[in-house]
Amino acid sequence: MLLGVFPLFIRLFRIGDVLMPMYFNRRPKLYMDTGCLPDPLHLLYHSTSPAAFFSWVLLSLALAAVLAWGLRRSLHIALPSFEMT
């Protein structure tokens with residue numbers, strides 16, 4: 001599971017690294033910016049209906065589960081290629 005979460009985190013961190021200087025005119029600081037992680041959920045919750053919000057949350061969780069399953073399956077398929085015989 002951690003193998004699936006780690007690439008997603010790195011990719012999101014890279015996107016933030018590119019977008020932060022464009023919008024805020026400063027480099028991202030992990031210590032300062034982790035407090036802003038709940039803000040997109042708060043914005044989505046208050047700008048849509050509760051049914052739409054929970055459907056987006058469930059869709060996001062389902063997509064994350066499918067991506068993690070696909071990564072795990074692809075690693076299990078590729079693992080025999082790397083074994084020493």
# chains A, B, ... in the order shown; residues from 1 in each chain; ligands from 1

call {"tool": "select_by_dssp", "arguments": {"residues": "chain A", "states": "alpha helix (DSSP H)", "output": "NGL selection string"}}
result
:A and (2-24 or 30-33 or 39-47 or 50-82)

call {"tool": "write_last_selection", "arguments": {"atoms": "C-alpha atoms", "output": "PDB file, in the first residue's frame"}}
result
ATOM      1  CA  LEU A   2       2.826   2.392   0.827  1.00  0.00           C
ATOM      2  CA  LEU A   3       4.350   1.732  -2.572  1.00  0.00           C
ATOM      3  CA  GLY A   4       1.145   3.057  -4.108  1.00  0.00           C
ATOM      4  CA  VAL A   5       0.892   6.110  -1.876  1.00  0.00           C
ATOM      5  CA  PHE A   6       4.507   7.178  -2.208  1.00  0.00           C
ATOM      6  CA  PRO A   7       4.504   7.873  -6.004  1.00  0.00           C
ATOM      7  CA  LEU A   8       1.215   9.736  -5.700  1.00  0.00           C
ATOM      8  CA  PHE A   9       2.624  11.892  -2.906  1.00  0.00           C
ATOM      9  CA  ILE A  10       5.787  12.603  -4.900  1.00  0.00           C
ATOM     10  CA  ARG A  11       3.747  13.563  -7.971  1.00  0.00           C
ATOM     11  CA  LEU A  12       1.461  15.869  -5.985  1.00  0.00           C
ATOM     12  CA  PHE A  13       4.483  17.405  -4.292  1.00  0.00           C
ATOM     13  CA  ARG A  14       6.047  18.032  -7.714  1.00  0.00           C
ATOM     14  CA  ILE A  15       2.849  19.684  -8.963  1.00  0.00           C
ATOM     15  CA  GLY A  16       2.850  21.922  -5.877  1.00  0.00           C
ATOM     16  CA  ASP A  17       6.513  22.688  -6.442  1.00  0.00           C
ATOM     17  CA  VAL A  18       5.698  23.977  -9.934  1.00  0.00           C
ATOM     18  CA  LEU A  19       2.442  25.803  -9.141  1.00  0.00           C
ATOM     19  CA  MET A  20       3.453  27.497  -5.875  1.00  0.00           C
ATOM     20  CA  PRO A  21       5.888  30.010  -7.412  1.00  0.00           C
ATOM     21  CA  MET A  22       3.377  30.818 -10.156  1.00  0.00           C
ATOM     22  CA  TYR A  23       0.517  31.711  -7.814  1.00  0.00           C
ATOM     23  CA  PHE A  24       2.129  32.811  -4.554  1.00  0.00           C
ATOM     24  CA  LEU A  30       6.637  21.800   3.649  1.00  0.00           C
ATOM     25  CA  TYR A  31       6.385  22.938   7.276  1.00  0.00           C
ATOM     26  CA  MET A  32       4.330  26.039   6.480  1.00  0.00           C
ATOM     27  CA  ASP A  33       2.145  24.564   3.756  1.00  0.00           C
ATOM     28  CA  ASP A  39      -8.515  23.813   2.775  1.00  0.00           C
ATOM     29  CA  PRO A  40      -9.502  22.230  -0.579  1.00  0.00           C
ATOM     30  CA  LEU A  41     -11.869  19.836   1.216  1.00  0.00           C
ATOM     31  CA  HIS A  42     -13.358  22.725   3.186  1.00  0.00           C
ATOM     32  CA  LEU A  43     -13.821  24.737  -0.006  1.00  0.00           C
ATOM     33  CA  LEU A  44     -15.434  21.818  -1.815  1.00  0.00           C
ATOM     34  CA  TYR A  45     -17.730  21.082   1.138  1.00  0.00           C
ATOM     35  CA  HIS A  46     -18.974  24.660   1.354  1.00  0.00           C
ATOM     36  CA  SER A  47     -19.299  25.250  -2.395  1.00  0.00           C
ATOM     37  CA  PRO A  50     -23.576  17.577   0.630  1.00  0.00           C
ATOM     38  CA  ALA A  51     -24.639  14.839  -1.796  1.00  0.00           C
ATOM     39  CA  ALA A  52     -22.207  16.084  -4.444  1.00  0.00           C
ATOM     40  CA  PHE A  53     -19.419  16.468  -1.881  1.00  0.00           C
ATOM     41  CA  PHE A  54     -19.776  12.933  -0.540  1.00  0.00           C
ATOM     42  CA  SER A  55     -20.054  11.528  -4.045  1.00  0.00           C
ATOM     43  CA  TRP A  56     -16.763  13.265  -4.946  1.00  0.00           C
ATOM     44  CA  VAL A  57     -15.146  11.923  -1.782  1.00  0.00           C
ATOM     45  CA  LEU A  58     -16.358   8.380  -2.487  1.00  0.00           C
ATOM     46  CA  LEU A  59     -15.252   8.638  -6.097  1.00  0.00           C
ATOM     47  CA  SER A  60     -11.809   9.831  -4.994  1.00  0.00           C
ATOM     48  CA  LEU A  61     -11.472   6.975  -2.507  1.00  0.00           C
ATOM     49  CA  ALA A  62     -12.567   4.453  -5.130  1.00  0.00           C
ATOM     50  CA  LEU A  63     -10.094   5.868  -7.644  1.00  0.00           C
ATOM     51  CA  ALA A  64      -7.281   5.723  -5.073  1.00  0.00           C
ATOM     52  CA  ALA A  65      -8.181   2.108  -4.272  1.00  0.00           C
ATOM     53  CA  VAL A  66      -8.197   1.153  -7.967  1.00  0.00           C
ATOM     54  CA  LEU A  67      -4.846   2.878  -8.522  1.00  0.00           C
ATOM     55  CA  ALA A  68      -3.319   1.128  -5.499  1.00  0.00           C
ATOM     56  CA  TRP A  69      -4.697  -2.225  -6.686  1.00  0.00           C
ATOM     57  CA  GLY A  70      -3.329  -1.661 -10.187  1.00  0.00           C
ATOM     58  CA  LEU A  71       0.089  -0.712  -8.878  1.00  0.00           C
ATOM     59  CA  ARG A  72       0.169  -3.747  -6.600  1.00  0.00           C
ATOM     60  CA  ARG A  73      -0.901  -6.035  -9.426  1.00  0.00           C
ATOM     61  CA  SER A  74       1.677  -4.619 -11.825  1.00  0.00           C
ATOM     62  CA  LEU A  75       4.420  -5.035  -9.227  1.00  0.00           C
ATOM     63  CA  HIS A  76       3.397  -8.645  -8.621  1.00  0.00           C
ATOM     64  CA  ILE A  77       3.528  -9.278 -12.367  1.00  0.00           C
ATOM     65  CA  ALA A  78       6.908  -7.556 -12.755  1.00  0.00           C
ATOM     66  CA  LEU A  79       8.538  -9.073  -9.665  1.00  0.00           C
ATOM     67  CA  PRO A  80       9.434 -12.446 -11.240  1.00  0.00           C
ATOM     68  CA  SER A  81      11.445 -10.579 -13.901  1.00  0.00           C
ATOM     69  CA  PHE A  82      13.778  -9.200 -11.260  1.00  0.00           C
TER      70      PHE A  82
END
